[in-house]
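I have placed the structure first, in the form of structure tokens, so that the comments after it can refer back to it.
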Amino acid sequence: MEPKQDFTRRNFISTSALGSVATLGAANLLLSCSGQGTKPVKESTSPAMLDQAPDGKVLRAGLVGCGGRGTGAAINFFDAGPNLQIVALGDVFQDKMNDSRAQLKKQRNIEVPDEKCFVGFDSYQKVIDAGVDIVLLCTPPHFRPVHVEAAVNAGKHIFMEKPCAVDPVGARSILVSSKKAEQMGLSIVSGTIRRVQKDYVETHRRVAAGEIGEIVSAHVIRNGGALWVKKRRPGWTDMEYMLRNWVNFCWLSGDHIVEQFIHEVDVMNWHIGKNPVKCMGWGGRQRRVSGDQYDFFSVEYIYDNGMEAHCAARQVSGCSNLKREIIVGTKGYADCNGTLFHPDGTVMWKYPYPKDGDTDPTWKVKDPYVQEHVNLITAIRSGNRFSDADAQVNSTLVTIMGRIAAYTGKDVTWDEMLNSGLSLGPKIYTFGPVPNIPEVIPVIGIEAVPS
């Protein structure tokens with residue numbers, strides 16, 4: 001890997017030294033379909049949250065990306081209703097494939113035959129072509145745009161884990177694919193779970209109804225411990241090392257502001273209902289031991305009416321932790337996972353979680369990782385097409401916008417995101433060297449010169 005990297009604002013926004021620059025025509029589609037700053041974000045109406053998907057003909061799913069989250073998504077799909085099958089698996093690594101097959105057999109007695117298990121960078125296409133109705137896309141998010149495009153072109157319904165991209169070019173590609181899916185009658189469900197979680201949904205309904213007044217700001221925090229890290233082993237090429245350690249490389253994960261903090265930012269976007277016009281951010285690294293990412297971010301998003309929202313995230317073990325999505329209104333504020341407060345901090349309303357032994361399902365909060373698959377299968381079997389792809393494109397771009405602001409120390413605008421040619425990652429995927437992507441951390445500003 002190369003020892004140097006040029007962390008200029010132009011490299012992070014206009015073009016990229018790490019990959020190809022796509023055409024900018026998709027930005028116009030994003031402007032017309034999803035709202036630009038001063039326009040409302042296009043919302044999707046979720047299907048009714050059934051506890052189980054309705055019965056129907058057998059639906060066959062193929063899993064692309066056999067890591068822990070992918071295997072979990074396959075089990076969640078299987079649990080979502082009757083007559084559901086996992087019939088194909090694909091991954092870059094044989095050992096990941098083997099582990100996933102073993103877990104599916106152990107946990108749900110699911111057996112996938114050898115001839116439907118594919119290994120390699122092209123395994124996603126082989127899964128798509130393996131007689132499936134639905135593809136579950138759970139690889140590192142760098143690969144999501146290409147995989148979504150291929151699945152739509154093949155006429156498959158899609159579950160895609162969050163985030164949908166790591167750069168603006170990829171996000172716009174997802175939007176283009178989602179428009180084609182709409183024309184073809186295909187459903188797409190994203191893994192941003194909160195919008196299918198009943199306590200979050202009821203809180204959002206009450207905020208939208210004006211119970212805390214007009215929204216004037218937001219305060220969103222996700223502070224937790226460090227994620228896993230893989231030490232490079234003898235014999236691993238650059239590519240194998242990066243793929244096995246993918247949560248620590250920006251080109252694969254988007255950094256944790258994009259890969260994990262998107263959950264909380266998506267809740268903020270859902271409530272505010274429009275995209276910011278600008279942001280400024282900062283961040284840094286003290287504890288991470290590999291990769292090229294930050295440990296923490298703090299971003300201030302600014303909207304067309306002057307409203308500001310503050311978002312901060314940290315991944316450092318041994319610290320005080322907090323996860324909170326606060327929406328502030330003129331008459332009170334909301335903790336988005338189930339509580340409204342008066343301005344003085346007293347409780348206005350609290351979600352009525354069922355007590356132990358309560359069999360009334362009205363307020364039961366179903367596992368959202370299963371609920372999203374219930375919604376997808378319900379949409380397919382009812383013929384009422386559903387897609388939340390546009391919402392995830394917006395949330396992905398908002399987090400990328402914050403990451404770029406923090407990496408460069410400069411303000412970043414929504415217009416720049418819509419027109420950016422930034423495309424992260426290598427042009428060719430092979431198990432060998434990965435040039436021009438060193439393990440170098442972005443450093444902002446200029447060095448102070450002593451007098």
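Chain labels A, B, ... are given in the sequence in which chains occur in the structure tokens; within each chain residues are numbered consecutively from 1, and ligands are likewise numbered from 1 in the order shown.
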
Test item, alpha helix (DSSP H) assignment across range 158-369 of chain A, answer as a VMD selection string: chain A and resid 168 to 184 198 to 208 238 to 244 250 to 253 256 to 259 262 to 272 368 to 369

message: Applying 9 Å and only C-alpha atoms, which residues near Asn153 in chain A remain after dropping the ones on its own chain fewer than 4 positions away? List them as an NGL selection string.
response: :A and (148-149 or 177 or 180-181)

Those residues with C-alpha atoms, as a CSV table (one decimal), in the first residue's frame please?
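Generated output (out.csv):
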chain,number,residue,atom,x,y,z
A,148,VAL,CA,-28.4,-3.5,-6.2
A,149,GLU,CA,-28.1,-2.6,-9.8
A,177,SER,CA,-31.7,1.6,-9.5
A,180,LYS,CA,-35.9,1.4,-12.3
A,181,ALA,CA,-37.2,-1.0,-9.6

- prompt: Counting only C-alpha atoms, which of A:Ser253, A:Ser173, A:Asn248, A:Ser320 gets nearest to Arg222 in chain A?
  reply: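 With only C-alpha atoms as the atom set, the closest residue is A:Ser320.
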
field: Proximity to Leu376 in chain A - best of A:Val146, A:Asp388, A:Gly357, A:Tyr407, only C-alpha atoms
entry: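 Using only C-alpha atoms, the shortest distance to Leu376 in chain A belongs to A:Asp388.
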
message: Calculated over only C-alpha atoms, which of the candidates A:Thr203, A:Gln197, A:Pro140, A:Lys427 has the smallest distance to Lys364 in chain A?
response: A:Gln197

message: Just checking: using only C-alpha atoms, which residue out of A:Glu372, A:Ile86, A:Asp292, A:Trp282 ends up closest to Arg195 in chain A?
response: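 Using only C-alpha atoms, the shortest distance to Arg195 in chain A belongs to A:Glu372.
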
query: Using only C-alpha atoms, which residues sit within 12 Å of Asp51 in chain A once same-chain residues fewer than 2 positions away are excluded, as a ChimeraX atom specification?
result: /A:47-49,53-54,79-81,196-198,361-368,370-375,377-378

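Nearest-residue note for Thr413 in chain A: choosing from A:Glu111, A:Glu259, A:Glu300, A:Asp335, the minimum distance belongs to A:Glu300, counting only C-alpha atoms.
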
message: Using only C-alpha atoms, can you tell me which of A:Ile437, A:Ala226, A:Val443, A:Ile380 comes closest to Met242 in chain A?
response: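 Using only C-alpha atoms, Met242 in chain A sits closest to A:Ile437.
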
field: Every residue of range 60-165 of chain A that DSSP places in strand (DSSP E), as an NGL selection string
entry: :A and (60-64 or 84-91 or 117-119 or 134-137 or 157-160)

Filtering to C-alpha atoms, could you give me those residues as an mmCIF file, in the first residue's frame?
data_model
loop_
_atom_site.group_PDB
_atom_site.id
_atom_site.type_symbol
_atom_site.label_atom_id
_atom_site.label_comp_id
_atom_site.auth_asym_id
_atom_site.auth_seq_id
_atom_site.Cartn_x
_atom_site.Cartn_y
_atom_site.Cartn_z
ATOM 1 C CA ARG A 60 -36.805 -18.148 -2.411
ATOM 2 C CA ALA A 61 -34.050 -15.862 -1.145
ATOM 3 C CA GLY A 62 -30.337 -15.782 -1.824
ATOM 4 C CA LEU A 63 -27.837 -14.264 0.599
ATOM 5 C CA VAL A 64 -24.893 -12.194 -0.634
ATOM 6 C CA LEU A 84 -39.855 -18.874 2.893
ATOM 7 C CA GLN A 85 -36.604 -20.496 1.831
ATOM 8 C CA ILE A 86 -32.895 -19.652 1.757
ATOM 9 C CA VAL A 87 -31.645 -21.387 -1.378
ATOM 10 C CA ALA A 88 -28.326 -19.757 -2.329
ATOM 11 C CA LEU A 89 -25.296 -18.222 -0.623
ATOM 12 C CA GLY A 90 -22.474 -16.055 -1.924
ATOM 13 C CA ASP A 91 -19.329 -14.636 -0.346
ATOM 14 C CA CYS A 117 -22.972 -21.904 -2.722
ATOM 15 C CA PHE A 118 -20.705 -19.496 -4.590
ATOM 16 C CA VAL A 119 -17.330 -18.000 -3.687
ATOM 17 C CA ILE A 134 -35.319 -12.039 -3.404
ATOM 18 C CA VAL A 135 -31.691 -11.134 -2.745
ATOM 19 C CA LEU A 136 -30.414 -10.227 0.712
ATOM 20 C CA LEU A 137 -27.478 -7.833 0.204
ATOM 21 C CA HIS A 157 -36.864 -7.926 -4.946
ATOM 22 C CA ILE A 158 -34.216 -6.642 -2.531
ATOM 23 C CA PHE A 159 -33.336 -6.403 1.105
ATOM 24 C CA MET A 160 -30.259 -4.169 1.417
#

So that each row is one residue of range 203-316 of chain A with an atom at most 12 Å from range 415-423 of chain A, can you give its shortest atom pair and the distance in Å to one decimal, using only C-alpha atoms, rows by chain and rising number, as JSON lines?
{"residue": "A:Cys250", "atom": "CA", "partner": "A:Ser423", "partner_atom": "CA", "distance": 11.4}
{"residue": "A:Trp251", "atom": "CA", "partner": "A:Ser423", "partner_atom": "CA", "distance": 8.7}
{"residue": "A:Leu252", "atom": "CA", "partner": "A:Ser423", "partner_atom": "CA", "distance": 11.3}
{"residue": "A:Gly254", "atom": "CA", "partner": "A:Ser423", "partner_atom": "CA", "distance": 11.1}
{"residue": "A:Asn275", "atom": "CA", "partner": "A:Asp415", "partner_atom": "CA", "distance": 10.7}
{"residue": "A:Pro276", "atom": "CA", "partner": "A:Asp415", "partner_atom": "CA", "distance": 10.0}
{"residue": "A:Val277", "atom": "CA", "partner": "A:Asp415", "partner_atom": "CA", "distance": 7.5}
{"residue": "A:Lys278", "atom": "CA", "partner": "A:Asp415", "partner_atom": "CA", "distance": 8.6}
{"residue": "A:Cys279", "atom": "CA", "partner": "A:Glu416", "partner_atom": "CA", "distance": 11.2}

- prompt: So how far away is CA of Ile75 in chain A from CA of Asn394 in chain A, in Å?
  reply: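 Taking CA of Asn394 in chain A and CA of Ile75 in chain A, their separation equals 28.0 Å.
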
field: Exercise: range 302-309 of chain A partners within 12 Å, only C-alpha atoms, chain neighbours under 3 positions left out, as a ChimeraX atom specification
entry: /A:36-40,214-221,265,268-269,271-281,298-299,312,325-329,398,401-402,411-414

message: Applying 10 Å and only C-alpha atoms, which residues near Arg232 in chain A remain after dropping the ones on its own chain fewer than 3 positions away? List them as a ChimeraX atom specification.
response: /A:229,235-238,240-242,244-245,290

Let's have the selection written as a CSV table (one decimal), in the first residue's frame, with N, CA and C atoms.
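Written out: selection08.csv:
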chain,number,residue,atom,x,y,z
A,229,VAL,N,-11.7,-5.7,15.4
A,229,VAL,CA,-10.5,-5.4,14.5
A,229,VAL,C,-9.8,-6.7,14.2
A,235,GLY,N,0.8,-13.7,4.8
A,235,GLY,CA,0.2,-14.3,3.6
A,235,GLY,C,-1.0,-13.6,3.1
A,236,TRP,N,-1.6,-12.7,3.9
A,236,TRP,CA,-2.8,-11.9,3.4
A,236,TRP,C,-2.3,-10.8,2.5
A,237,THR,N,-2.9,-10.7,1.4
A,237,THR,CA,-2.7,-9.6,0.5
A,237,THR,C,-3.4,-8.4,1.0
A,238,ASP,N,-3.1,-7.2,0.4
A,238,ASP,CA,-3.8,-6.0,0.8
A,238,ASP,C,-5.3,-6.2,0.8
A,240,GLU,N,-7.2,-9.0,0.9
A,240,GLU,CA,-7.8,-9.8,1.9
A,240,GLU,C,-7.8,-9.2,3.3
A,241,TYR,N,-6.7,-8.5,3.6
A,241,TYR,CA,-6.6,-7.8,4.9
A,241,TYR,C,-7.7,-6.8,5.0
A,242,MET,N,-7.9,-6.0,4.0
A,242,MET,CA,-8.9,-4.9,4.0
A,242,MET,C,-10.3,-5.5,4.1
A,244,ARG,N,-11.3,-8.5,5.3
A,244,ARG,CA,-11.5,-9.1,6.6
A,244,ARG,C,-11.5,-8.1,7.8
A,245,ASN,N,-11.0,-6.9,7.5
A,245,ASN,CA,-10.9,-5.8,8.5
A,245,ASN,C,-11.8,-4.7,8.1
A,290,SER,N,-6.0,0.2,13.6
A,290,SER,CA,-5.8,-0.2,12.2
A,290,SER,C,-6.8,0.6,11.4
